[in-house]
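A.B. asks: Just one file: final33.cif, with mmCIF, C-alpha atoms and all ligand atoms.
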```cif
data_final
loop_
_atom_site.label_atom_id
_atom_site.label_comp_id
_atom_site.auth_asym_id
_atom_site.auth_seq_id
_atom_site.Cartn_x
_atom_site.Cartn_y
_atom_site.Cartn_z
CA LEU D 1 12.33 -4.50 26.90
CA ASP D 2 15.73 -2.86 26.83
CA ASP D 3 16.59 -0.47 24.00
CA THR D 4 20.26 -1.36 24.40
CA ASP D 5 19.44 -4.78 22.98
CA PRO D 6 21.19 -5.10 19.61
CA LEU D 7 19.90 -4.78 16.11
CA VAL D 8 20.14 -8.44 15.09
CA ILE D 9 20.71 -9.52 11.49
CA ILE D 10 20.29 -13.20 10.64
CA GLY D 11 22.58 -14.01 7.71
CA SER D 12 26.04 -12.90 6.56
CA GLY D 13 25.46 -13.04 2.80
CA LEU D 14 25.54 -9.94 0.63
CA ALA D 15 22.18 -8.80 2.05
CA GLY D 16 23.20 -9.02 5.72
CA TYR D 17 26.64 -7.48 5.23
CA HIS D 18 25.45 -4.73 2.85
CA LEU D 19 22.79 -3.73 5.35
CA ALA D 20 25.28 -3.62 8.23
CA LYS D 21 27.68 -1.48 6.14
CA GLU D 22 24.93 0.96 5.12
CA PHE D 23 23.62 1.15 8.69
CA ARG D 24 27.08 1.90 10.10
CA LYS D 25 27.39 4.88 7.71
CA LEU D 26 24.37 6.40 9.50
CA ASP D 27 24.70 5.05 13.04
CA GLN D 28 28.00 4.16 14.73
CA ARG D 29 26.55 3.51 18.19
CA THR D 30 23.68 1.01 18.07
CA PRO D 31 25.05 -2.46 18.80
CA ILE D 32 24.78 -4.87 15.87
CA THR D 33 24.85 -8.66 16.16
CA ILE D 34 25.08 -10.75 13.00
CA ILE D 35 24.27 -14.43 13.34
CA THR D 36 25.21 -16.85 10.61
CA GLY D 37 25.01 -20.57 10.06
CA ASP D 38 28.15 -20.45 7.89
CA ASP D 39 31.67 -19.16 8.68
CA GLY D 40 30.84 -15.51 7.96
CA THR D 41 33.37 -15.09 5.13
CA PHE D 42 32.59 -12.10 2.92
CA TYR D 43 32.62 -13.11 -0.75
CA SER D 44 30.87 -12.23 -3.97
CA LYS D 45 28.45 -15.08 -4.60
CA PRO D 46 28.06 -14.24 -8.33
CA LEU D 47 31.74 -15.13 -8.85
CA LEU D 48 31.03 -18.79 -7.96
CA SER D 49 29.85 -19.40 -11.54
CA ALA D 50 32.69 -17.43 -13.19
CA SER D 51 35.94 -18.41 -11.48
CA LEU D 52 37.17 -21.73 -12.81
CA ALA D 53 38.28 -20.46 -16.21
CA HIS D 54 40.35 -17.78 -14.46
CA GLY D 55 41.92 -20.35 -12.17
CA LYS D 56 40.50 -18.68 -9.04
CA THR D 57 40.36 -21.01 -6.04
CA PRO D 58 37.53 -20.93 -3.47
CA GLN D 59 40.06 -19.45 -1.01
CA GLN D 60 40.84 -16.59 -3.40
CA LEU D 61 37.13 -15.71 -3.58
CA ALA D 62 37.03 -15.05 0.15
CA THR D 63 37.70 -11.31 0.32
CA ALA D 64 37.33 -10.81 4.08
CA SER D 65 37.05 -13.11 7.07
CA ALA D 66 34.33 -12.82 9.71
CA GLU D 67 36.95 -11.29 12.06
CA ASP D 68 37.77 -8.63 9.46
CA MET D 69 34.06 -7.90 9.04
CA ALA D 70 33.43 -7.72 12.80
CA ARG D 71 36.22 -5.16 13.09
CA GLU D 72 35.13 -3.11 10.06
CA LEU D 73 31.46 -3.06 11.10
CA ASN D 74 32.06 -2.76 14.83
CA ALA D 75 29.67 -5.67 15.13
CA GLU D 76 29.46 -8.90 17.07
CA ILE D 77 29.42 -11.78 14.58
CA LEU D 78 28.37 -15.24 15.74
CA VAL D 79 29.50 -17.77 13.13
CA HIS D 80 28.47 -21.42 12.76
CA THR D 81 25.40 -20.49 14.79
CA HIS D 82 21.83 -21.24 13.74
CA VAL D 83 18.75 -19.35 14.81
CA THR D 84 16.28 -22.11 15.49
CA ASN D 85 13.38 -20.25 17.12
CA LEU D 86 11.91 -16.78 17.36
CA GLU D 87 9.54 -15.65 20.12
CA ARG D 88 8.22 -12.35 18.85
CA ASP D 89 6.39 -11.21 21.99
CA ALA D 90 9.58 -11.49 24.05
CA ARG D 91 11.82 -10.44 21.09
CA LEU D 92 13.87 -13.51 21.85
CA LEU D 93 15.92 -15.76 19.55
CA THR D 94 17.14 -19.28 20.29
CA LEU D 95 20.67 -19.91 18.98
CA VAL D 96 22.28 -23.31 18.52
CA SER D 97 25.97 -23.80 17.70
CA ASP D 98 26.99 -26.02 14.77
CA SER D 99 28.06 -28.81 17.09
CA GLY D 100 24.74 -28.55 18.92
CA GLY D 101 26.71 -28.19 22.15
CA ILE D 102 25.67 -24.64 22.98
CA ARG D 103 22.08 -23.49 23.11
CA ALA D 104 21.54 -19.85 24.01
CA GLU D 105 18.98 -17.08 23.98
CA LEU D 106 19.45 -13.59 22.59
CA ARG D 107 17.14 -10.61 22.85
CA TYR D 108 16.89 -8.10 19.99
CA SER D 109 15.60 -4.56 19.69
CA ARG D 110 14.89 -5.00 15.99
CA LEU D 111 15.41 -8.09 13.87
CA VAL D 112 16.33 -8.42 10.19
CA PHE D 113 15.99 -11.60 8.18
CA ALA D 114 18.74 -11.85 5.55
CA THR D 115 18.49 -15.64 5.42
CA GLY D 116 18.82 -15.99 1.64
CA ALA D 117 17.50 -18.82 -0.47
CA SER D 118 18.39 -22.50 -0.81
CA CYS D 119 18.69 -24.60 -3.94
CA ALA D 120 15.23 -25.74 -5.01
CA SER D 121 14.61 -29.38 -4.13
CA LEU D 122 15.69 -31.85 -6.78
CA PRO D 123 13.12 -33.66 -8.89
CA PRO D 124 13.00 -37.36 -8.02
CA ILE D 125 16.16 -38.99 -9.43
CA GLU D 126 16.64 -42.71 -8.92
CA GLY D 127 19.85 -44.69 -8.79
CA ASP D 128 23.01 -44.92 -6.70
CA GLY D 129 24.88 -42.03 -8.34
CA LEU D 130 23.63 -39.14 -6.22
CA ALA D 131 26.91 -38.92 -4.26
CA ARG D 132 28.47 -37.54 -7.46
CA LEU D 133 25.75 -34.91 -7.89
CA PHE D 134 26.46 -31.40 -6.56
CA GLN D 135 24.63 -28.09 -6.06
CA ILE D 136 26.35 -24.74 -5.55
CA ASN D 137 24.82 -21.96 -3.48
CA ASN D 138 27.68 -20.88 -1.22
CA LEU D 139 31.44 -20.97 -0.85
CA SER D 140 31.56 -24.31 0.95
CA ASP D 141 29.34 -25.96 -1.71
CA TYR D 142 31.79 -24.56 -4.26
CA HIS D 143 34.76 -25.93 -2.37
CA ARG D 144 33.07 -29.35 -2.24
CA PHE D 145 32.43 -29.27 -5.99
CA ARG D 146 35.91 -28.05 -6.91
CA THR D 147 37.52 -30.76 -4.79
CA ALA D 148 35.38 -33.48 -6.39
CA LEU D 149 36.23 -32.10 -9.84
CA THR D 150 39.95 -32.80 -9.37
CA ASN D 151 41.20 -35.09 -12.16
CA ARG D 152 37.69 -35.24 -13.67
CA LYS D 153 36.91 -34.23 -17.23
CA ARG D 154 33.22 -34.69 -18.08
CA VAL D 155 30.59 -32.60 -16.31
CA LEU D 156 26.85 -33.12 -16.64
CA LEU D 157 24.94 -29.92 -15.89
CA ILE D 158 21.29 -30.34 -14.94
CA GLY D 159 19.52 -27.07 -15.69
CA ALA D 160 20.12 -24.52 -18.47
CA GLY D 161 18.90 -21.46 -16.59
CA LEU D 162 20.99 -18.42 -15.72
CA ILE D 163 23.33 -20.18 -13.30
CA GLY D 164 23.50 -23.42 -15.35
CA CYS D 165 24.53 -21.49 -18.48
CA GLU D 166 27.12 -19.48 -16.54
CA PHE D 167 28.66 -22.70 -15.25
CA ALA D 168 28.59 -24.19 -18.78
CA ASN D 169 30.44 -21.09 -20.02
CA ASP D 170 32.98 -21.31 -17.19
CA LEU D 171 33.58 -25.07 -17.25
CA ILE D 172 34.03 -25.29 -21.04
CA GLN D 173 36.59 -22.49 -20.96
CA ALA D 174 38.41 -24.28 -18.16
CA GLY D 175 38.92 -27.19 -20.57
CA LEU D 176 36.23 -29.54 -19.29
CA GLU D 177 33.66 -31.44 -21.37
CA VAL D 178 30.16 -30.15 -20.69
CA GLU D 179 26.73 -31.65 -21.40
CA VAL D 180 23.64 -29.71 -20.33
CA VAL D 181 20.20 -31.21 -19.80
CA ASP D 182 17.00 -29.19 -19.39
CA LEU D 183 13.27 -29.89 -19.61
CA GLN D 184 12.74 -26.59 -21.41
CA PRO D 185 13.30 -26.12 -25.16
CA TRP D 186 16.13 -23.53 -25.07
CA PRO D 187 18.60 -21.96 -22.60
CA LEU D 188 17.20 -19.48 -20.05
CA ALA D 189 13.73 -20.26 -21.39
CA ASN D 190 12.08 -18.56 -18.40
CA LEU D 191 13.94 -15.31 -19.08
CA LEU D 192 14.81 -15.09 -22.78
CA PRO D 193 12.66 -15.27 -25.92
CA GLU D 194 13.61 -18.17 -28.21
CA ALA D 195 15.78 -16.15 -30.63
CA ALA D 196 18.01 -14.85 -27.82
CA GLY D 197 18.18 -18.25 -26.12
CA ARG D 198 19.14 -19.98 -29.40
CA ASP D 199 21.78 -17.33 -30.07
CA LEU D 200 23.40 -18.03 -26.72
CA GLN D 201 23.04 -21.80 -27.26
CA GLN D 202 24.81 -21.56 -30.62
CA ARG D 203 27.82 -19.73 -29.18
CA LEU D 204 28.15 -22.15 -26.28
CA GLU D 205 27.86 -25.08 -28.73
CA GLN D 206 30.58 -23.60 -30.92
CA ALA D 207 32.82 -23.69 -27.85
CA GLY D 208 31.96 -27.39 -27.31
CA VAL D 209 28.98 -27.43 -24.91
CA ARG D 210 26.39 -30.09 -25.82
CA PHE D 211 22.73 -29.37 -24.97
CA HIS D 212 19.88 -31.87 -24.52
CA PHE D 213 16.49 -30.20 -24.30
CA GLY D 214 13.00 -31.48 -23.51
CA ALA D 215 13.81 -34.33 -21.11
CA GLY D 216 14.91 -34.42 -17.48
CA VAL D 217 17.32 -36.79 -15.74
CA SER D 218 15.38 -39.72 -14.28
CA ARG D 219 18.26 -41.89 -13.01
CA LEU D 220 21.92 -41.46 -12.06
CA THR D 221 23.89 -44.68 -11.87
CA ARG D 222 27.36 -44.83 -10.33
CA THR D 223 30.02 -46.29 -12.63
CA ALA D 224 33.61 -47.22 -11.75
CA THR D 225 34.90 -43.65 -12.09
CA GLY D 226 31.81 -41.59 -12.75
CA LEU D 227 28.15 -41.60 -13.60
CA GLN D 228 25.66 -42.63 -16.19
CA ALA D 229 22.58 -40.41 -16.48
CA GLU D 230 19.38 -41.75 -17.94
CA LEU D 231 17.02 -39.17 -19.39
CA ALA D 232 13.23 -39.46 -19.41
CA ASP D 233 13.29 -39.84 -23.24
CA GLY D 234 15.35 -43.04 -22.93
CA SER D 235 18.71 -41.55 -23.98
CA SER D 236 21.74 -41.66 -21.72
CA ILE D 237 24.83 -39.53 -21.00
CA ASP D 238 28.14 -40.59 -19.42
CA ALA D 239 29.89 -38.13 -17.16
CA ASP D 240 32.38 -38.04 -14.28
CA ILE D 241 30.43 -35.68 -12.07
CA ALA D 242 27.06 -33.85 -12.18
CA LEU D 243 26.02 -30.36 -11.10
CA ALA D 244 22.37 -29.37 -10.65
CA ALA D 245 21.32 -25.72 -11.10
CA LEU D 246 17.56 -25.86 -10.84
CA GLY D 247 16.60 -22.58 -9.19
CA LEU D 248 16.13 -21.34 -5.66
CA ALA D 249 13.55 -21.27 -2.89
CA ALA D 250 13.55 -18.51 -0.25
CA ASN D 251 14.45 -19.53 3.32
CA THR D 252 11.18 -18.68 5.05
CA GLY D 253 10.81 -21.54 7.56
CA LEU D 254 11.94 -19.71 10.71
CA ALA D 255 9.79 -16.66 9.94
CA ALA D 256 6.76 -18.80 9.11
CA ALA D 257 7.13 -20.83 12.32
CA ALA D 258 7.13 -17.54 14.27
CA GLY D 259 3.83 -16.54 12.67
CA ILE D 260 5.26 -13.93 10.28
CA THR D 261 3.45 -13.77 6.94
CA VAL D 262 5.29 -15.62 4.18
CA ASN D 263 4.40 -16.36 0.59
CA ARG D 264 7.14 -17.19 -1.97
CA GLY D 265 9.39 -15.18 0.34
CA ILE D 266 9.04 -13.40 3.69
CA VAL D 267 6.38 -10.83 2.83
CA THR D 268 7.40 -7.19 3.32
CA ASP D 269 6.10 -3.80 2.32
CA ARG D 270 8.34 -1.30 0.54
CA THR D 271 9.99 -0.31 3.81
CA LEU D 272 11.12 -3.94 4.10
CA GLN D 273 8.92 -4.34 7.20
CA THR D 274 7.29 -7.74 7.70
CA SER D 275 3.90 -8.39 9.28
CA ASP D 276 5.69 -7.75 12.64
CA ALA D 277 6.61 -4.06 13.05
CA ASN D 278 9.98 -4.95 14.70
CA VAL D 279 11.01 -7.47 12.09
CA PHE D 280 12.37 -6.70 8.60
CA ALA D 281 13.64 -8.77 5.65
CA LEU D 282 15.78 -8.18 2.56
CA GLY D 283 17.71 -10.12 -0.07
CA ASP D 284 16.83 -13.52 -1.52
CA CYS D 285 14.60 -14.42 1.46
CA ALA D 286 12.30 -11.39 1.04
CA GLU D 287 9.24 -10.86 -1.12
CA VAL D 288 9.18 -7.07 -1.32
CA ASP D 289 5.75 -5.71 -2.24
CA GLY D 290 5.15 -8.84 -4.34
CA HIS D 291 8.64 -9.02 -5.91
CA SER D 292 10.83 -12.09 -5.25
CA LEU D 293 14.13 -11.28 -6.96
CA TYR D 294 17.24 -13.42 -6.50
CA TYR D 295 19.75 -10.78 -7.67
CA VAL D 296 22.29 -8.42 -6.16
CA ALA D 297 20.90 -5.09 -7.44
CA PRO D 298 17.57 -5.27 -5.57
CA LEU D 299 19.32 -6.24 -2.34
CA THR D 300 21.78 -3.33 -2.48
CA GLN D 301 18.89 -0.92 -3.06
CA SER D 302 16.99 -2.56 -0.20
CA ALA D 303 20.02 -2.31 2.11
CA ARG D 304 20.31 1.43 1.52
CA ALA D 305 16.61 2.05 2.16
CA LEU D 306 16.43 -0.22 5.20
CA ALA D 307 19.50 1.37 6.79
CA GLN D 308 17.69 4.73 6.60
CA THR D 309 14.51 3.26 8.09
CA LEU D 310 16.39 1.54 10.94
CA SER D 311 18.22 4.75 11.77
CA GLY D 312 15.04 6.75 12.08
CA THR D 313 14.06 7.93 8.58
CA PRO D 314 11.37 5.59 7.18
CA THR D 315 12.41 5.09 3.54
CA PRO D 316 10.62 2.89 1.02
CA VAL D 317 12.62 1.08 -1.64
CA ARG D 318 11.57 1.62 -5.22
CA TYR D 319 12.78 -0.99 -7.71
CA GLY D 320 13.37 0.62 -11.08
CA CYS D 321 14.37 -1.33 -14.14
CA LEU D 322 16.84 -4.01 -13.01
CA PRO D 323 18.90 -5.48 -15.88
CA VAL D 324 21.10 -8.48 -15.04
CA ALA D 325 24.34 -9.23 -16.90
CA VAL D 326 24.50 -12.98 -17.55
CA LYS D 327 28.18 -13.94 -17.13
CA THR D 328 28.29 -16.02 -20.33
CA THR D 329 31.44 -14.38 -21.65
CA LEU D 330 31.32 -16.48 -24.83
CA ARG D 331 28.14 -14.57 -25.71
CA PRO D 332 27.59 -11.56 -23.44
CA THR D 333 23.90 -11.41 -22.54
CA VAL D 334 21.81 -8.91 -20.60
CA VAL D 335 18.32 -9.64 -19.44
CA CYS D 336 15.78 -7.38 -17.82
CA PRO D 337 12.86 -9.73 -17.27
CA PRO D 338 9.30 -8.35 -17.24
CA LYS D 339 7.59 -8.94 -13.90
CA PRO D 340 5.84 -12.32 -13.65
CA GLY D 341 2.36 -12.22 -15.13
CA GLN D 342 3.08 -9.03 -17.11
CA GLN D 343 0.92 -8.96 -20.27
CA GLY D 344 2.74 -8.22 -23.50
CA ALA D 345 4.82 -9.77 -26.28
CA TRP D 346 8.46 -9.97 -27.34
CA GLN D 347 9.50 -7.95 -30.40
CA VAL D 348 12.74 -9.42 -31.66
CA SER D 349 15.36 -8.16 -34.09
CA ALA D 350 18.36 -10.35 -34.79
CA ASN D 351 21.48 -10.39 -36.91
CA SER D 352 24.75 -12.28 -36.76
CA ASP D 353 26.15 -9.80 -34.22
CA GLY D 354 23.41 -10.37 -31.67
CA VAL D 355 19.77 -10.33 -30.71
CA SER D 356 17.76 -7.42 -29.35
CA ALA D 357 14.35 -8.27 -27.90
CA GLU D 358 11.90 -5.83 -26.33
CA PHE D 359 8.93 -6.94 -24.21
CA VAL D 360 6.15 -4.48 -25.02
CA ASP D 361 2.67 -4.22 -23.45
CA ALA D 362 -0.62 -3.46 -25.24
CA ASP D 363 -0.07 0.30 -24.77
CA GLY D 364 3.36 0.17 -26.40
CA ASN D 365 5.29 0.52 -23.10
CA LEU D 366 8.64 -1.25 -22.76
CA ARG D 367 8.32 -3.72 -19.84
CA GLY D 368 11.53 -5.72 -20.18
CA PHE D 369 14.27 -6.60 -22.65
CA ALA D 370 16.92 -9.14 -23.58
CA LEU D 371 20.16 -8.45 -25.45
CA THR D 372 22.94 -10.69 -26.72
CA GLY D 373 26.28 -10.10 -28.41
CA SER D 374 26.95 -6.57 -29.63
CA ALA D 375 23.31 -5.62 -28.89
CA ILE D 376 24.29 -5.32 -25.21
CA THR D 377 25.44 -1.78 -26.04
CA GLN D 378 21.71 -0.88 -26.02
CA ARG D 379 21.49 -1.67 -22.31
CA GLU D 380 21.50 1.94 -21.06
CA THR D 381 19.11 3.26 -23.74
CA LEU D 382 16.58 0.50 -23.10
CA SER D 383 16.97 0.79 -19.31
CA SER D 384 16.02 4.46 -19.49
CA ARG D 385 12.93 3.67 -21.61
CA CYS D 386 11.80 0.63 -19.60
CA LEU D 387 9.02 1.20 -17.05
CA PRO D 388 10.12 0.60 -13.42
CA LEU D 389 9.13 -2.61 -11.64
CA MET D 390 7.56 -0.52 -8.87
CA ASP D 391 5.45 2.54 -9.75
P1 LIG K 401 22.72 -15.68 1.01
O1 LIG K 401 23.99 -15.33 0.35
O2 LIG K 401 22.10 -17.00 0.69
O3 LIG K 401 22.96 -15.57 2.59
C1 LIG K 401 22.09 -16.14 3.51
C2 LIG K 401 22.76 -16.16 4.86
O4 LIG K 401 21.79 -16.53 5.85
C3 LIG K 401 23.91 -17.16 5.02
O5 LIG K 401 24.94 -16.50 5.71
C4 LIG K 401 23.31 -18.28 5.88
O6 LIG K 401 24.28 -18.92 6.65
C5 LIG K 401 22.36 -17.47 6.75
N1 LIG K 401 21.24 -18.18 7.37
C6 LIG K 401 20.09 -18.65 6.78
N2 LIG K 401 19.28 -19.18 7.70
C7 LIG K 401 19.88 -19.03 8.91
C8 LIG K 401 19.54 -19.38 10.25
N3 LIG K 401 18.37 -19.95 10.56
N4 LIG K 401 20.42 -19.09 11.24
C9 LIG K 401 21.60 -18.48 10.96
N5 LIG K 401 21.97 -18.13 9.72
C10 LIG K 401 21.13 -18.40 8.71
N6 LIG K 401 23.00 -12.18 -8.81
C11 LIG K 401 23.28 -11.14 -9.65
O7 LIG K 401 22.71 -10.06 -9.50
N7 LIG K 401 24.17 -11.29 -10.67
C12 LIG K 401 24.84 -12.46 -10.88
O8 LIG K 401 25.64 -12.56 -11.81
C13 LIG K 401 24.57 -13.56 -10.00
N8 LIG K 401 25.24 -14.74 -10.15
C14 LIG K 401 25.00 -15.75 -9.27
C15 LIG K 401 25.72 -16.94 -9.41
C16 LIG K 401 25.52 -18.00 -8.53
C17 LIG K 401 26.30 -19.28 -8.70
C18 LIG K 401 24.56 -17.86 -7.48
C19 LIG K 401 24.32 -19.02 -6.53
C20 LIG K 401 23.84 -16.69 -7.34
C21 LIG K 401 24.06 -15.62 -8.22
N9 LIG K 401 23.37 -14.41 -8.10
C22 LIG K 401 23.63 -13.38 -8.96
C23 LIG K 401 22.41 -14.18 -7.00
C24 LIG K 401 23.05 -13.43 -5.83
O9 LIG K 401 24.31 -13.99 -5.56
C25 LIG K 401 22.12 -13.52 -4.62
O10 LIG K 401 20.94 -12.80 -4.94
C26 LIG K 401 22.71 -12.92 -3.34
O11 LIG K 401 24.03 -13.35 -3.11
C27 LIG K 401 21.81 -13.30 -2.15
O12 LIG K 401 22.35 -12.81 -0.96
P2 LIG K 401 21.59 -13.03 0.43
O13 LIG K 401 22.45 -12.36 1.44
O14 LIG K 401 20.17 -12.62 0.30
O15 LIG K 401 21.56 -14.61 0.69
#
```
Could you spell out this file's structure in structure tokens?
C.D. replies:
Amino acid sequence: LDDTDPLVIIGSGLAGYHLAKEFRKLDQRTPITIITGDDGTFYSKPLLSASLAHGKTPQQLATASAEDMARELNAEILVHTHVTNLERDARLLTLVSDSGGIRAELRYSRLVFATGASCASLPPIEGDGLARLFQINNLSDYHRFRTALTNRKRVLLIGAGLIGCEFANDLIQAGLEVEVVDLQPWPLANLLPEAAGRDLQQRLEQAGVRFHFGAGVSRLTRTATGLQAELADGSSIDADIALAALGLAANTGLAAAAGITVNRGIVTDRTLQTSDANVFALGDCAEVDGHSLYYVAPLTQSARALAQTLSGTPTPVRYGCLPVAVKTTLRPTVVCPPKPGQQGAWQVSANSDGVSAEFVDADGNLRGFALTGSAITQRETLSSRCLPLMD
């Protein structure tokens, strides 16, 4: 094996590009090849759910092209190229171009998975209306949705989680009519205690959003200009277009097929190393020491640590307390969720200005928190008291 083989990164999302940037700060010589199934545009994915109200087009969200990035990073970037196979013994990748016309092999010195996550599969929905149902997980999905939204007025949102609520906030302020359906009893029910969820719900309702909780969509029927959604409780909603925001699933298939250990994500230790010593993972695709987190903060911390490790200084990542700002500008909300399975209970204090909720364990330690409205000013104080995710 030749040590001049490149460091190969699969994926040009925030994880892949952040890693390449951090690595280049430490090492300007090692060749880097980034392979991506999309067009390699650098953009901030979080802005996808907060751009309509500001009139930002998908094109305006693209901050740098793949050519710009290749120049800045002194890297080879292969766009519209899919890695379809990994032979770990030979350190060999199979690459297939979008058109399927070119099939090639590429050898790596070290390999990094930054393959992200895909929208979770939809629950079974019957009917002939699925062509007017969209999901948004990248810039081209967003472009597809924005194009279909032209001259439309009524949007049905399926899912009232973090991304669903951000889209509700954005679409209503852009002058659209918004109905939101969720199986759960209140918005962000997996992240927020009821008082905080209801507080957010109330502010979105005051702006015109209509929520329907406790029943999923069972059928979407195409009408002349739009859709009719039937809910499992027998009620129905008319809309022009539907958007599903039902969570994510890590892209682990390629790693699993190559015999790398995967669980919810590609399993790594705190140095981001997988079960293969030459293969690493970070971002939405990675499960780092048991933590699967689909947020930007953990991936930027991981990129910094992994760049050190790849340039010769083994450096573990240590997730502290990681609060996330929910971009519901109608009711600013911050959530720092306790780790899954954490024992404890929410202690809530609420007034008309906002809700402050602390998740406290049996020993009185702060393990997470949720803040809405003016209570978000407590973010820094609570962050400094909250125990880190990793010891
Ligand atoms: P991705 O951006 O999914 O990139 C994956 C890359 O891998 C892509 O380039 C893809 O083409 C490539 N790829 C995958 N498989 C292959 C293959 N086999 N061959 C070649 N290429 C491949 N987080 C926050 O912290 N705050 C927020 O406010 C926030 N808002 C969000 C709003 C929305 C609408 C969404 C969708 C997410 C939001 N997030 C937010 C989450 C955050 O954006 C993600 O955690 C982050 O962007 C993930 O980056 P990534 O690089 O790991 O994955």
A.B. asks: Mind giving me the straight-line distance from atom CA of Thr223 of chain D to atom CA of Ile241 of chain D in Å, one decimal?
C.D. replies: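 Straight-line distance from atom CA of Thr223 of chain D to atom CA of Ile241 of chain D works out to 10.6 Å.
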A.B. asks: Write out as lines of an AutoDock Vina configuration file an axis-aligned box for segment 325-338 of chain D: all of its atoms listed in the file, 4 Å added on each side, centre and edge lengths in Å with one decimal.
C.D. replies:
```
center_x = 20.4
center_y = -11.9
center_z = -21.3
size_x = 30.1
size_y = 17.1
size_z = 16.8
```
A.B. asks: At most 7 Å is the cut-off: for each residue in chain D with any atom that close to an atom of ligand LIG 401 (chain K), write down the nearest atom pair and the distance in Å rounded to one decimal, counting only C-alpha atoms and all ligand atoms, chain first then increasing number, as JSON lines.
C.D. replies:
```
{"residue": "D:Ile10", "atom": "CA", "partner": "K:LIG401", "partner_atom": "N5", "distance": 5.3}
{"residue": "D:Gly11", "atom": "CA", "partner": "K:LIG401", "partner_atom": "O4", "distance": 3.2}
{"residue": "D:Ser12", "atom": "CA", "partner": "K:LIG401", "partner_atom": "O5", "distance": 3.9}
{"residue": "D:Gly13", "atom": "CA", "partner": "K:LIG401", "partner_atom": "O13", "distance": 3.4}
{"residue": "D:Leu14", "atom": "CA", "partner": "K:LIG401", "partner_atom": "O13", "distance": 4.0}
{"residue": "D:Ala15", "atom": "CA", "partner": "K:LIG401", "partner_atom": "O13", "distance": 3.6}
{"residue": "D:Gly16", "atom": "CA", "partner": "K:LIG401", "partner_atom": "O13", "distance": 5.5}
{"residue": "D:Ile35", "atom": "CA", "partner": "K:LIG401", "partner_atom": "C9", "distance": 5.4}
{"residue": "D:Thr36", "atom": "CA", "partner": "K:LIG401", "partner_atom": "N5", "distance": 3.6}
{"residue": "D:Gly37", "atom": "CA", "partner": "K:LIG401", "partner_atom": "O6", "distance": 3.9}
{"residue": "D:Asp38", "atom": "CA", "partner": "K:LIG401", "partner_atom": "O6", "distance": 4.3}
{"residue": "D:Gly40", "atom": "CA", "partner": "K:LIG401", "partner_atom": "O5", "distance": 6.4}
{"residue": "D:Ser44", "atom": "CA", "partner": "K:LIG401", "partner_atom": "O9", "distance": 7.0}
{"residue": "D:Lys45", "atom": "CA", "partner": "K:LIG401", "partner_atom": "O9", "distance": 4.4}
{"residue": "D:Pro46", "atom": "CA", "partner": "K:LIG401", "partner_atom": "N8", "distance": 3.4}
{"residue": "D:Leu47", "atom": "CA", "partner": "K:LIG401", "partner_atom": "C15", "distance": 6.3}
{"residue": "D:Leu48", "atom": "CA", "partner": "K:LIG401", "partner_atom": "C17", "distance": 4.8}
{"residue": "D:Ser49", "atom": "CA", "partner": "K:LIG401", "partner_atom": "C17", "distance": 4.5}
{"residue": "D:Thr81", "atom": "CA", "partner": "K:LIG401", "partner_atom": "C9", "distance": 5.8}
{"residue": "D:His82", "atom": "CA", "partner": "K:LIG401", "partner_atom": "N4", "distance": 3.6}
{"residue": "D:Val83", "atom": "CA", "partner": "K:LIG401", "partner_atom": "N4", "distance": 3.9}
{"residue": "D:Thr84", "atom": "CA", "partner": "K:LIG401", "partner_atom": "N3", "distance": 5.8}
{"residue": "D:Ala114", "atom": "CA", "partner": "K:LIG401", "partner_atom": "O14", "distance": 5.5}
{"residue": "D:Thr115", "atom": "CA", "partner": "K:LIG401", "partner_atom": "O4", "distance": 3.4}
{"residue": "D:Gly116", "atom": "CA", "partner": "K:LIG401", "partner_atom": "O15", "distance": 3.2}
{"residue": "D:Ala117", "atom": "CA", "partner": "K:LIG401", "partner_atom": "O2", "distance": 5.1}
{"residue": "D:Ser118", "atom": "CA", "partner": "K:LIG401", "partner_atom": "O2", "distance": 6.8}
{"residue": "D:Ile136", "atom": "CA", "partner": "K:LIG401", "partner_atom": "C19", "distance": 6.1}
{"residue": "D:Asn137", "atom": "CA", "partner": "K:LIG401", "partner_atom": "C19", "distance": 4.3}
{"residue": "D:Asn138", "atom": "CA", "partner": "K:LIG401", "partner_atom": "C19", "distance": 6.6}
{"residue": "D:Ile163", "atom": "CA", "partner": "K:LIG401", "partner_atom": "C17", "distance": 5.5}
{"residue": "D:Asn251", "atom": "CA", "partner": "K:LIG401", "partner_atom": "N2", "distance": 6.5}
{"residue": "D:Leu254", "atom": "CA", "partner": "K:LIG401", "partner_atom": "N3", "distance": 6.4}
{"residue": "D:Leu282", "atom": "CA", "partner": "K:LIG401", "partner_atom": "O14", "distance": 6.6}
{"residue": "D:Gly283", "atom": "CA", "partner": "K:LIG401", "partner_atom": "O14", "distance": 3.5}
{"residue": "D:Asp284", "atom": "CA", "partner": "K:LIG401", "partner_atom": "O14", "distance": 3.9}
{"residue": "D:Cys285", "atom": "CA", "partner": "K:LIG401", "partner_atom": "O14", "distance": 6.0}
{"residue": "D:Tyr294", "atom": "CA", "partner": "K:LIG401", "partner_atom": "O10", "distance": 4.1}
{"residue": "D:Tyr295", "atom": "CA", "partner": "K:LIG401", "partner_atom": "O7", "distance": 3.6}
{"residue": "D:Val296", "atom": "CA", "partner": "K:LIG401", "partner_atom": "O7", "distance": 3.7}
{"residue": "D:Ala297", "atom": "CA", "partner": "K:LIG401", "partner_atom": "O7", "distance": 5.7}
{"residue": "D:Leu299", "atom": "CA", "partner": "K:LIG401", "partner_atom": "O14", "distance": 7.0}
{"residue": "D:Val324", "atom": "CA", "partner": "K:LIG401", "partner_atom": "O7", "distance": 6.0}
{"residue": "D:Ala325", "atom": "CA", "partner": "K:LIG401", "partner_atom": "O8", "distance": 6.2}
{"residue": "D:Val326", "atom": "CA", "partner": "K:LIG401", "partner_atom": "O8", "distance": 5.9}
{"residue": "D:Lys327", "atom": "CA", "partner": "K:LIG401", "partner_atom": "O8", "distance": 6.1}
```
